[in-house]
file structure.cif (mmCIF, C-alpha atoms)
data_final
loop_
_atom_site.label_atom_id
_atom_site.label_comp_id
_atom_site.auth_asym_id
_atom_site.auth_seq_id
_atom_site.Cartn_x
_atom_site.Cartn_y
_atom_site.Cartn_z
CA MET A 7 48.93 -48.36 -8.90
CA LYS A 8 49.66 -45.94 -11.76
CA LYS A 9 50.11 -43.06 -9.32
CA THR A 10 52.44 -45.17 -7.16
CA THR A 11 54.56 -46.01 -10.23
CA SER A 12 54.67 -42.32 -11.20
CA LEU A 13 55.69 -41.40 -7.64
CA ILE A 14 58.56 -43.93 -7.77
CA CYS A 15 59.66 -42.44 -11.12
CA LEU A 16 59.70 -38.91 -9.67
CA ILE A 17 61.68 -40.05 -6.61
CA GLY A 18 64.19 -41.77 -8.92
CA CYS A 19 64.40 -38.59 -10.96
CA THR A 20 65.11 -36.42 -7.90
CA PHE A 21 67.76 -38.86 -6.67
CA ILE A 22 69.67 -38.44 -9.93
CA TRP A 23 69.17 -34.66 -10.00
CA GLY A 24 70.38 -34.32 -6.40
CA THR A 25 73.61 -36.21 -7.06
CA THR A 26 74.12 -34.42 -10.39
CA PHE A 27 74.48 -31.10 -8.55
CA ILE A 28 78.00 -32.14 -7.56
CA ALA A 29 78.88 -33.04 -11.16
CA GLN A 30 77.53 -29.68 -12.34
CA ASP A 31 79.70 -27.80 -9.87
CA THR A 32 82.93 -29.74 -10.45
CA GLY A 33 82.33 -30.06 -14.22
CA MET A 34 83.29 -26.42 -14.84
CA ASP A 35 86.88 -26.67 -13.64
CA ASN A 36 88.19 -26.59 -17.22
CA ILE A 37 85.22 -25.53 -19.40
CA GLY A 38 82.53 -22.86 -19.31
CA PRO A 39 78.88 -23.34 -18.30
CA PHE A 40 77.56 -23.14 -21.87
CA THR A 41 80.01 -25.77 -23.12
CA PHE A 42 79.16 -28.05 -20.19
CA ASN A 43 75.43 -27.78 -20.87
CA CYS A 44 75.86 -28.20 -24.63
CA VAL A 45 77.86 -31.43 -24.37
CA ARG A 46 75.86 -32.73 -21.42
CA PHE A 47 72.53 -32.47 -23.22
CA PHE A 48 73.93 -33.81 -26.48
CA VAL A 49 75.01 -36.89 -24.51
CA GLY A 50 71.47 -36.99 -23.10
CA PHE A 51 70.10 -36.84 -26.65
CA LEU A 52 72.25 -39.81 -27.69
CA THR A 53 71.18 -41.72 -24.56
CA VAL A 54 67.45 -41.37 -25.25
CA ALA A 55 67.58 -41.85 -29.06
CA PRO A 56 67.70 -45.70 -29.06
CA PHE A 57 64.59 -45.87 -26.82
CA VAL A 58 62.65 -43.66 -29.23
CA PHE A 59 63.40 -45.98 -32.16
CA LEU A 60 62.93 -49.22 -30.19
CA ILE A 61 59.82 -48.33 -28.15
CA GLU A 62 57.99 -45.35 -29.64
CA ARG A 63 58.81 -45.32 -33.34
CA LYS A 64 55.57 -47.09 -34.36
CA LYS A 65 53.22 -44.88 -32.34
CA ILE A 66 54.76 -41.48 -33.09
CA ASN A 67 52.74 -40.96 -36.31
CA HIS A 68 49.55 -42.18 -34.64
CA GLN A 69 50.01 -39.86 -31.66
CA ILE A 70 51.03 -36.73 -33.60
CA GLU A 71 48.95 -37.26 -36.77
CA ASN A 72 46.80 -34.16 -37.38
CA LYS A 73 48.18 -32.71 -34.12
CA THR A 74 51.65 -31.63 -35.27
CA TYR A 75 51.03 -27.94 -34.53
CA GLU A 76 49.63 -28.71 -31.07
CA PHE A 77 52.59 -30.98 -30.29
CA PHE A 78 55.27 -28.44 -31.22
CA LYS A 79 53.28 -25.59 -29.62
CA LEU A 80 53.94 -27.40 -26.34
CA MET A 81 57.30 -28.99 -27.24
CA VAL A 82 59.10 -25.74 -28.04
CA PRO A 83 58.26 -24.09 -24.68
CA VAL A 84 59.26 -27.32 -22.87
CA GLY A 85 62.70 -27.22 -24.50
CA VAL A 86 63.20 -23.46 -24.16
CA PHE A 87 62.15 -23.37 -20.50
CA LEU A 88 64.49 -26.30 -19.74
CA PHE A 89 67.31 -24.50 -21.56
CA LEU A 90 66.77 -21.27 -19.62
CA GLY A 91 66.41 -23.06 -16.27
CA CYS A 92 69.62 -25.03 -16.84
CA ILE A 93 71.60 -22.04 -18.13
CA PHE A 94 70.70 -19.75 -15.22
CA GLN A 95 71.40 -22.54 -12.71
CA GLN A 96 74.72 -23.49 -14.30
CA VAL A 97 75.99 -19.91 -14.64
CA SER A 98 74.90 -19.13 -11.07
CA LEU A 99 77.39 -21.69 -9.75
CA LEU A 100 80.17 -19.36 -10.95
CA TYR A 101 78.95 -16.60 -8.62
CA THR A 102 77.37 -18.34 -5.63
CA ASP A 103 77.94 -21.52 -3.67
CA VAL A 104 76.09 -24.82 -3.97
CA ALA A 105 74.20 -24.24 -0.70
CA ASN A 106 72.68 -20.97 -1.91
CA SER A 107 71.96 -22.40 -5.34
CA ALA A 108 70.19 -25.42 -3.84
CA PHE A 109 68.07 -23.19 -1.60
CA PHE A 110 66.96 -20.67 -4.22
CA THR A 111 66.34 -23.39 -6.85
CA ILE A 112 63.77 -24.96 -4.52
CA PHE A 113 61.62 -21.84 -4.98
CA TYR A 114 60.15 -23.54 -8.07
CA VAL A 115 58.11 -25.52 -5.53
CA LEU A 116 56.42 -22.25 -4.52
CA MET A 117 56.16 -20.89 -8.07
CA VAL A 118 54.42 -23.91 -9.65
CA PRO A 119 51.19 -23.80 -7.58
CA ILE A 120 51.04 -19.99 -7.85
CA ILE A 121 51.34 -20.15 -11.65
CA VAL A 122 48.85 -23.01 -12.16
CA TYR A 123 46.34 -21.42 -9.76
CA PHE A 124 46.45 -17.80 -10.95
CA LEU A 125 47.41 -18.18 -14.63
CA PHE A 126 45.84 -21.53 -15.56
CA SER A 127 42.96 -21.48 -13.00
CA GLU A 128 43.66 -25.05 -11.88
CA LYS A 129 42.12 -26.19 -8.59
CA LEU A 130 44.64 -27.28 -5.97
CA HIS A 131 44.13 -29.51 -2.95
CA TRP A 132 44.47 -27.59 0.34
CA SER A 133 47.49 -29.73 1.31
CA ILE A 134 49.62 -28.14 -1.45
CA TRP A 135 50.10 -24.83 0.36
CA PRO A 136 51.35 -26.13 3.76
CA SER A 137 53.47 -28.68 1.85
CA VAL A 138 55.07 -25.88 -0.20
CA LEU A 139 55.73 -23.87 2.98
CA ALA A 140 57.34 -26.91 4.64
CA CYS A 141 59.56 -27.52 1.59
CA VAL A 142 60.73 -23.89 1.33
CA ILE A 143 61.50 -23.67 5.08
CA GLY A 144 63.15 -27.10 4.84
CA GLY A 145 65.29 -25.85 1.97
CA TYR A 146 66.38 -22.92 4.14
CA PHE A 147 67.50 -25.19 6.97
CA LEU A 148 69.01 -27.71 4.55
CA SER A 149 71.14 -25.14 2.73
CA ASP A 150 72.55 -23.56 5.88
CA ILE A 151 72.51 -19.98 4.57
CA GLY A 152 71.17 -18.14 7.61
CA ASP A 153 73.64 -15.28 7.19
CA ALA A 154 73.62 -15.18 3.37
CA THR A 155 72.85 -12.03 1.41
CA ILE A 156 71.23 -11.92 -2.01
CA ARG A 157 74.12 -11.90 -4.44
CA PHE A 158 74.23 -11.80 -8.23
CA GLY A 159 74.42 -15.59 -8.44
CA ASP A 160 71.46 -16.02 -6.12
CA GLY A 161 69.41 -13.73 -8.34
CA LEU A 162 70.30 -15.89 -11.34
CA VAL A 163 69.12 -19.01 -9.48
CA LEU A 164 65.80 -17.35 -8.64
CA ILE A 165 65.25 -16.45 -12.30
CA GLY A 166 66.17 -20.02 -13.22
CA ALA A 167 63.65 -21.35 -10.66
CA LEU A 168 60.88 -19.55 -12.56
CA PHE A 169 61.83 -21.38 -15.75
CA TRP A 170 62.08 -24.71 -13.89
CA ALA A 171 58.54 -24.09 -12.66
CA LEU A 172 57.30 -23.36 -16.18
CA HIS A 173 59.11 -26.47 -17.47
CA ILE A 174 57.35 -28.67 -14.89
CA ILE A 175 53.97 -27.15 -15.80
CA TYR A 176 54.42 -27.61 -19.56
CA ILE A 177 55.79 -31.14 -19.12
CA GLY A 178 52.52 -31.94 -17.35
CA LYS A 179 50.51 -30.47 -20.23
CA ILE A 180 52.38 -32.22 -23.07
CA ILE A 181 52.63 -35.66 -21.43
CA ASN A 182 48.88 -35.64 -20.71
CA ARG A 183 48.13 -35.07 -24.42
CA PHE A 184 50.92 -37.09 -26.04
CA ASP A 185 52.06 -40.42 -24.57
CA LEU A 186 55.56 -40.12 -26.01
CA PRO A 187 57.91 -39.66 -23.03
CA PHE A 188 61.08 -40.76 -24.83
CA LEU A 189 60.43 -38.57 -27.90
CA ILE A 190 59.73 -35.56 -25.68
CA ALA A 191 62.91 -36.24 -23.69
CA LEU A 192 64.86 -36.61 -26.96
CA LEU A 193 63.61 -33.33 -28.42
CA GLN A 194 64.08 -31.29 -25.26
CA ASN A 195 67.67 -32.54 -25.01
CA LEU A 196 68.23 -31.54 -28.63
CA ILE A 197 66.75 -28.06 -28.09
CA VAL A 198 68.90 -27.40 -25.02
CA ALA A 199 72.08 -28.73 -26.70
CA THR A 200 71.46 -26.63 -29.84
CA LEU A 201 70.70 -23.37 -28.01
CA SER A 202 73.67 -23.94 -25.68
CA PHE A 203 75.94 -24.50 -28.71
CA ILE A 204 74.91 -21.08 -30.06
CA LEU A 205 75.99 -19.52 -26.75
CA VAL A 206 79.28 -21.45 -26.89
CA ILE A 207 80.02 -20.00 -30.33
CA ILE A 208 79.26 -16.48 -29.10
CA PHE A 209 80.82 -16.49 -25.62
CA GLU A 210 83.15 -19.48 -25.25
CA GLU A 211 85.61 -21.71 -27.07
CA PHE A 212 84.67 -25.27 -28.03
CA ASN A 213 87.89 -27.00 -26.96
CA PHE A 214 87.79 -30.83 -27.18
CA SER A 215 90.95 -31.29 -25.11
CA LYS A 216 89.41 -29.36 -22.20
CA ILE A 217 86.06 -31.12 -22.62
CA LYS A 218 87.85 -34.49 -22.27
CA LEU A 219 89.07 -33.41 -18.82
CA GLU A 220 85.44 -33.27 -17.66
CA THR A 221 84.43 -36.62 -19.20
CA VAL A 222 83.19 -38.23 -15.98
CA GLU A 223 81.07 -35.22 -14.93
CA ILE A 224 79.63 -34.79 -18.45
CA LEU A 225 78.76 -38.48 -18.82
CA TYR A 226 77.11 -38.55 -15.38
CA ALA A 227 75.12 -35.36 -16.00
CA GLY A 228 74.37 -36.35 -19.60
CA ILE A 229 73.43 -40.02 -19.37
CA LEU A 230 71.81 -40.06 -15.93
CA SER A 231 70.40 -36.53 -15.60
CA GLY A 232 69.83 -35.50 -19.21
CA GLY A 233 68.76 -38.97 -20.33
CA VAL A 234 67.40 -41.14 -17.53
CA ALA A 235 66.15 -38.51 -15.04
CA PHE A 236 64.22 -36.38 -17.52
CA ALA A 237 62.60 -39.52 -18.96
CA LEU A 238 61.62 -40.53 -15.41
CA GLN A 239 60.18 -37.04 -14.87
CA LEU A 240 57.96 -37.50 -17.91
CA PHE A 241 56.77 -40.92 -16.75
CA GLY A 242 56.19 -39.49 -13.28
CA GLN A 243 54.11 -36.52 -14.39
CA ARG A 244 51.76 -38.72 -16.41
CA ASN A 245 49.71 -39.42 -13.29
CA ILE A 246 50.76 -36.67 -10.87
CA SER A 247 49.80 -33.06 -11.55
CA ALA A 248 52.34 -30.23 -11.66
CA ALA A 249 52.03 -28.79 -8.12
CA PRO A 250 52.40 -32.06 -6.13
CA ALA A 251 55.05 -33.23 -8.63
CA ALA A 252 57.11 -30.11 -7.88
CA ILE A 253 56.85 -30.86 -4.16
CA VAL A 254 58.10 -34.43 -4.70
CA MET A 255 60.97 -33.18 -6.87
CA SER A 256 62.08 -30.81 -4.09
CA LEU A 257 63.52 -34.00 -2.59
CA GLU A 258 66.57 -33.31 -4.78
CA GLY A 259 67.75 -30.88 -2.08
CA VAL A 260 67.75 -33.69 0.47
CA VAL A 261 69.58 -36.02 -1.92
CA ALA A 262 72.14 -33.30 -2.71
CA ALA A 263 72.86 -32.83 1.00
CA ILE A 264 73.26 -36.57 1.60
CA ALA A 265 75.45 -36.90 -1.53
CA ALA A 266 77.67 -34.06 -0.29
CA TRP A 267 77.90 -35.84 3.07
CA VAL A 268 78.85 -39.19 1.49
CA ILE A 269 81.02 -38.00 -1.44
CA LEU A 270 82.48 -34.71 -0.19
CA SER A 271 82.50 -35.59 3.55
CA GLN A 272 80.36 -32.54 4.38
CA LEU A 273 78.76 -33.44 7.72
CA LEU A 274 75.02 -32.94 8.18
CA GLU A 275 74.33 -30.71 11.19
CA LEU A 276 71.09 -30.61 13.21
CA ASN A 277 69.55 -27.81 11.12
CA ASN A 278 70.30 -29.77 7.93
CA ILE A 279 68.55 -32.82 9.34
CA ILE A 280 65.55 -30.65 10.35
CA GLY A 281 65.46 -29.36 6.76
CA CYS A 282 65.41 -32.91 5.40
CA LEU A 283 62.56 -33.87 7.73
CA LEU A 284 60.51 -30.78 6.79
CA ILE A 285 60.84 -31.52 3.07
CA LEU A 286 59.96 -35.18 3.60
CA GLY A 287 56.98 -34.11 5.70
CA GLY A 288 55.80 -31.73 2.98
CA ILE A 289 56.06 -34.48 0.36
CA LEU A 290 54.14 -36.98 2.49
CA LEU A 291 51.40 -34.43 3.25
CA SER A 292 50.92 -33.51 -0.42
CA GLN A 293 50.69 -37.16 -1.49
CA LEU A 294 48.79 -38.77 1.41
CA ALA A 295 46.23 -36.10 2.39
CA PRO A 296 44.25 -36.33 -0.90
CA ILE A 297 44.27 -40.16 -0.72
CA TYR A 298 43.10 -40.11 2.92
CA GLU A 299 40.25 -37.72 2.16
CA LYS A 300 39.18 -39.73 -0.90
CA ASN A 301 39.07 -42.99 1.05
CA TYR A 302 37.19 -41.61 4.07
CA LYS A 303 34.59 -39.40 2.38
#
call {"tool": "encode", "arguments": {"input": "structure.cif", "output": "structure tokens"}}
result
Amino acid sequence: MKKTTSLICLIGCTFIWGTTFIAQDTGMDNIGPFTFNCVRFFVGFLTVAPFVFLIERKKINHQIENKTYEFFKLMVPVGVFLFLGCIFQQVSLLYTDVANSAFFTIFYVLMVPIIVYFLFSEKLHWSIWPSVLACVIGGYFLSDIGDATIRFGDGLVLIGALFWALHIIYIGKIINRFDLPFLIALLQNLIVATLSFILVIIFEEFNFSKIKLETVEILYAGILSGGVAFALQLFGQRNISAAPAAIVMSLEGVVAAIAAWVILSQLLELNNIIGCLLILGGILLSQLAPIYEKNYK
């Protein structure tokens, strides 16, 4: 039951992330990528803050007592990796299109099992590898970039995918040791907003009148993605390890394609539908194969 609840949380998370892709792209019409990320994650910080005080305030000291160093040893990488993943993804949208960005971002699905297997020596179920292959090929068909060349923006997305992979891995580590999903979500939002603000000061202009023009996109990306989705990710990864969680979260590519079809009237062609089915197949294989083997051993 716990794993089913976590799976539902991850699916909810990917639904929000997939639809947020459109807000990320259109949210830079009047402001730069660093400003967008700074304000977006500050809004996420404000969204999560009440839940920390209402739900987790009493157990924070109990959870972190005598483990402060261990908590921040994991918390700082979580925030920094999220910051780097978001920055590279957001800046990439200035140089490449959404289709390419969606495809190359999905490479975190491949990177997570490689990192946990070779660097952290974690055992993986055999179903992870064919599931990863299905998701990557599905992402290729879904993004419709058969004639694309590797451009500067695509390279940025690939670098960002590495940091997304590391973020997923470290989220799994910290949530397994500290049952404080809202506090972790709060702090990672604060870290990303603060580091993004430093980049705004250096490279951009913090213009409130221009920020107001992107209010809808910022609120959507901030409240739903920065607040709700990242909290759902934390709840989801409490009972699902990093590699299968990454496969489930690749569903964001499917959601993004459907959202573009519904909101932007971008029709889904046959190859896009094949891509959706491959990703869904990869997710089902990664989740059901271990359960089947466990029940019939």
call {"tool": "closest_residue", "arguments": {"input": "structure.cif", "among": "A:Ile93, A:Val118, A:Ile22, A:Val45", "to": "Leu172 (chain A)", "atoms": "only C-alpha atoms"}}
result
A:Val118
call {"tool": "resolve_selection", "arguments": {"input": "structure.cif", "expression": "the PyMOL selection byres ((chain A and resi 11) around 12)", "output": "PyMOL selection string"}}
result
chain A and resi 7-10+12-18+238-246
call {"tool": "closest_residue", "arguments": {"input": "structure.cif", "among": "A:Leu276, A:Ile112, A:Leu192, A:Val82", "to": "Gly145 (chain A)", "atoms": "all atoms listed in the file"}}
result
A:Ile112
call {"tool": "atom_distance", "arguments": {"input": "structure.cif", "atom1": "CA of Phe124 (chain A)", "atom2": "CA of Ile289 (chain A)"}}
result
22.3 Å
call {"tool": "closest_residue", "arguments": {"input": "structure.cif", "among": "A:Tyr176, A:Phe27, A:Phe21, A:Phe158", "to": "Leu100 (chain A)", "atoms": "only C-alpha atoms"}}
result
A:Phe158
call {"tool": "atom_distance", "arguments": {"input": "structure.cif", "atom1": "CA of Leu116 (chain A)", "atom2": "CA of Ile285 (chain A)"}}
result
12.8 Å
call {"tool": "atom_distance", "arguments": {"input": "structure.cif", "atom1": "CA of Val58 (chain A)", "atom2": "CA of Phe89 (chain A)"}}
result
21.2 Å
call {"tool": "closest_residue", "arguments": {"input": "structure.cif", "among": "A:Arg63, A:Lys129, A:Arg46, A:Arg183", "to": "Lys79 (chain A)", "atoms": "only C-alpha atoms"}}
result
A:Arg183
